[in-house]
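Take a look at the structure set out below.
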Amino acid sequence: MAAWVKCTDVRELTIFINLDAAISIVPIERTGLTRISFVGAEKDTVEVKETPDHLISAADSARR
């Protein structure tokens, strides 16, 4: 089952991200955002306001 997680992007818009397709979830210390990279699109990243811990926990819950 896909791990779709509800997130908030830098423009305050709600987006849904499938973290099963993510290859990295990295905090950006200077901005407080989290950068997510995806398989096949490593140069096209998404930055969200949620922390990596929150994203991983939400993905685990979505898989249940």
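Quick note on naming: the chains in the structure tokens go A, B, ... in the order shown, residues restart at 1 in each chain, and ligands are numbered from 1 in order of appearance.
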Residue contacts of region 10-13 of chain A (12 Å, only C-alpha atoms) excluding same-chain residues fewer than 2 positions away, as a list in words |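 Returned residues: Lys6, Cys7, Thr8, Ile15, Phe16, Thr31, Gly32, Leu33, Thr34, Arg35, Val46, Glu47, Val48, Lys49 and Glu50 of chain A.
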As an NGL selection string, which residues of chain A does DSSP assign to helix (DSSP H, G or I)?
-> :A and (19-21 or 52-62)
Please save N, CA, C and O atoms of the selected residues as a CSV table (one decimal), in the first residue's frame.
chain,number,residue,atom,x,y,z
A,19,LEU,N,5.4,8.8,-0.1
A,19,LEU,CA,6.8,8.7,0.4
A,19,LEU,C,7.4,7.3,0.0
A,19,LEU,O,8.6,7.2,0.1
A,20,ASP,N,6.6,6.4,-0.5
A,20,ASP,CA,7.2,5.2,-1.0
A,20,ASP,C,8.1,5.4,-2.2
A,20,ASP,O,9.0,4.6,-2.6
A,21,ALA,N,7.9,6.5,-2.9
A,21,ALA,CA,8.7,6.9,-4.1
A,21,ALA,C,9.9,7.8,-3.8
A,21,ALA,O,10.7,8.1,-4.6
A,52,PRO,N,11.2,15.7,9.1
A,52,PRO,CA,11.4,14.3,8.6
A,52,PRO,C,10.8,13.3,9.5
A,52,PRO,O,10.2,12.3,9.1
A,53,ASP,N,10.9,13.5,10.9
A,53,ASP,CA,10.3,12.5,11.8
A,53,ASP,C,8.8,12.5,11.6
A,53,ASP,O,8.2,11.4,11.7
A,54,HIS,N,8.1,13.6,11.5
A,54,HIS,CA,6.7,13.6,11.3
A,54,HIS,C,6.3,12.9,10.0
A,54,HIS,O,5.4,12.1,9.9
A,55,LEU,N,7.1,13.1,8.9
A,55,LEU,CA,6.8,12.5,7.6
A,55,LEU,C,6.9,11.0,7.7
A,55,LEU,O,6.0,10.2,7.2
A,56,ILE,N,8.0,10.5,8.3
A,56,ILE,CA,8.2,9.1,8.5
A,56,ILE,C,7.1,8.4,9.3
A,56,ILE,O,6.6,7.3,9.0
A,57,SER,N,6.7,9.1,10.4
A,57,SER,CA,5.7,8.6,11.3
A,57,SER,C,4.3,8.5,10.5
A,57,SER,O,3.6,7.5,10.6
A,58,ALA,N,4.0,9.6,9.8
A,58,ALA,CA,2.8,9.6,9.0
A,58,ALA,C,2.8,8.5,7.9
A,58,ALA,O,1.7,7.9,7.7
A,59,ALA,N,3.9,8.3,7.3
A,59,ALA,CA,4.0,7.2,6.3
A,59,ALA,C,3.8,5.9,6.9
A,59,ALA,O,3.1,5.0,6.3
A,60,ASP,N,4.4,5.6,8.1
A,60,ASP,CA,4.2,4.4,8.7
A,60,ASP,C,2.7,4.1,9.1
A,60,ASP,O,2.1,3.1,8.9
A,61,SER,N,2.0,5.2,9.5
A,61,SER,CA,0.6,5.1,9.8
A,61,SER,C,-0.2,4.8,8.6
A,61,SER,O,-1.2,4.1,8.6
A,62,ALA,N,0.1,5.5,7.5
A,62,ALA,CA,-0.6,5.3,6.2
A,62,ALA,C,-0.5,3.9,5.7
A,62,ALA,O,-1.4,3.4,5.0
Measure the distance from CA of Arg64 (chain A) to CA of Ser37 (chain A) in Å and round it to one decimal.
->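 Straight-line distance from CA of Arg64 (chain A) to CA of Ser37 (chain A) works out to 23.5 Å.
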Could you pull the residues within 12 Å of Gly40 (chain A), counting only C-alpha atoms, minus those fewer than 2 positions along the same chain, as a PyMOL selection string?
-> chain A and resi 21-23+37-38+42-45
Could you turn the residues from that selection into a file that holds N, CA, C and O atoms, as a PDB file, in the first residue's frame?
ATOM      1  N   ALA A  21       7.870   6.523  -2.936  1.00  0.00           N
ATOM      2  CA  ALA A  21       8.669   6.870  -4.114  1.00  0.00           C
ATOM      3  C   ALA A  21       9.852   7.784  -3.769  1.00  0.00           C
ATOM      4  O   ALA A  21      10.651   8.116  -4.642  1.00  0.00           O
ATOM      5  N   ALA A  22       9.961   8.173  -2.513  1.00  0.00           N
ATOM      6  CA  ALA A  22      11.043   9.080  -2.094  1.00  0.00           C
ATOM      7  C   ALA A  22      12.346   8.309  -1.920  1.00  0.00           C
ATOM      8  O   ALA A  22      12.359   7.185  -1.446  1.00  0.00           O
ATOM      9  N   ILE A  23      13.446   8.956  -2.327  1.00  0.00           N
ATOM     10  CA  ILE A  23      14.758   8.347  -2.095  1.00  0.00           C
ATOM     11  C   ILE A  23      15.521   9.061  -0.989  1.00  0.00           C
ATOM     12  O   ILE A  23      16.461   8.512  -0.435  1.00  0.00           O
ATOM     13  N   SER A  37      13.375  14.089  -2.167  1.00  0.00           N
ATOM     14  CA  SER A  37      13.776  13.727  -3.530  1.00  0.00           C
ATOM     15  C   SER A  37      13.120  12.412  -3.896  1.00  0.00           C
ATOM     16  O   SER A  37      12.901  11.556  -3.032  1.00  0.00           O
ATOM     17  N   PHE A  38      12.845  12.239  -5.192  1.00  0.00           N
ATOM     18  CA  PHE A  38      12.117  11.062  -5.649  1.00  0.00           C
ATOM     19  C   PHE A  38      12.906  10.245  -6.666  1.00  0.00           C
ATOM     20  O   PHE A  38      13.751  10.783  -7.380  1.00  0.00           O
ATOM     21  N   GLU A  42      15.679  13.000  -9.172  1.00  0.00           N
ATOM     22  CA  GLU A  42      16.504  13.451  -8.053  1.00  0.00           C
ATOM     23  C   GLU A  42      16.729  14.960  -8.051  1.00  0.00           C
ATOM     24  O   GLU A  42      16.890  15.567  -7.001  1.00  0.00           O
ATOM     25  N   LYS A  43      16.736  15.582  -9.239  1.00  0.00           N
ATOM     26  CA  LYS A  43      16.976  17.029  -9.314  1.00  0.00           C
ATOM     27  C   LYS A  43      15.705  17.830  -9.088  1.00  0.00           C
ATOM     28  O   LYS A  43      15.766  19.026  -8.852  1.00  0.00           O
ATOM     29  N   ASP A  44      14.552  17.179  -9.183  1.00  0.00           N
ATOM     30  CA  ASP A  44      13.271  17.827  -8.924  1.00  0.00           C
ATOM     31  C   ASP A  44      12.834  17.467  -7.520  1.00  0.00           C
ATOM     32  O   ASP A  44      12.300  16.388  -7.270  1.00  0.00           O
ATOM     33  N   THR A  45      13.057  18.373  -6.589  1.00  0.00           N
ATOM     34  CA  THR A  45      12.735  18.103  -5.192  1.00  0.00           C
ATOM     35  C   THR A  45      11.499  18.884  -4.767  1.00  0.00           C
ATOM     36  O   THR A  45      11.069  19.817  -5.450  1.00  0.00           O
TER      37      THR A  45
END
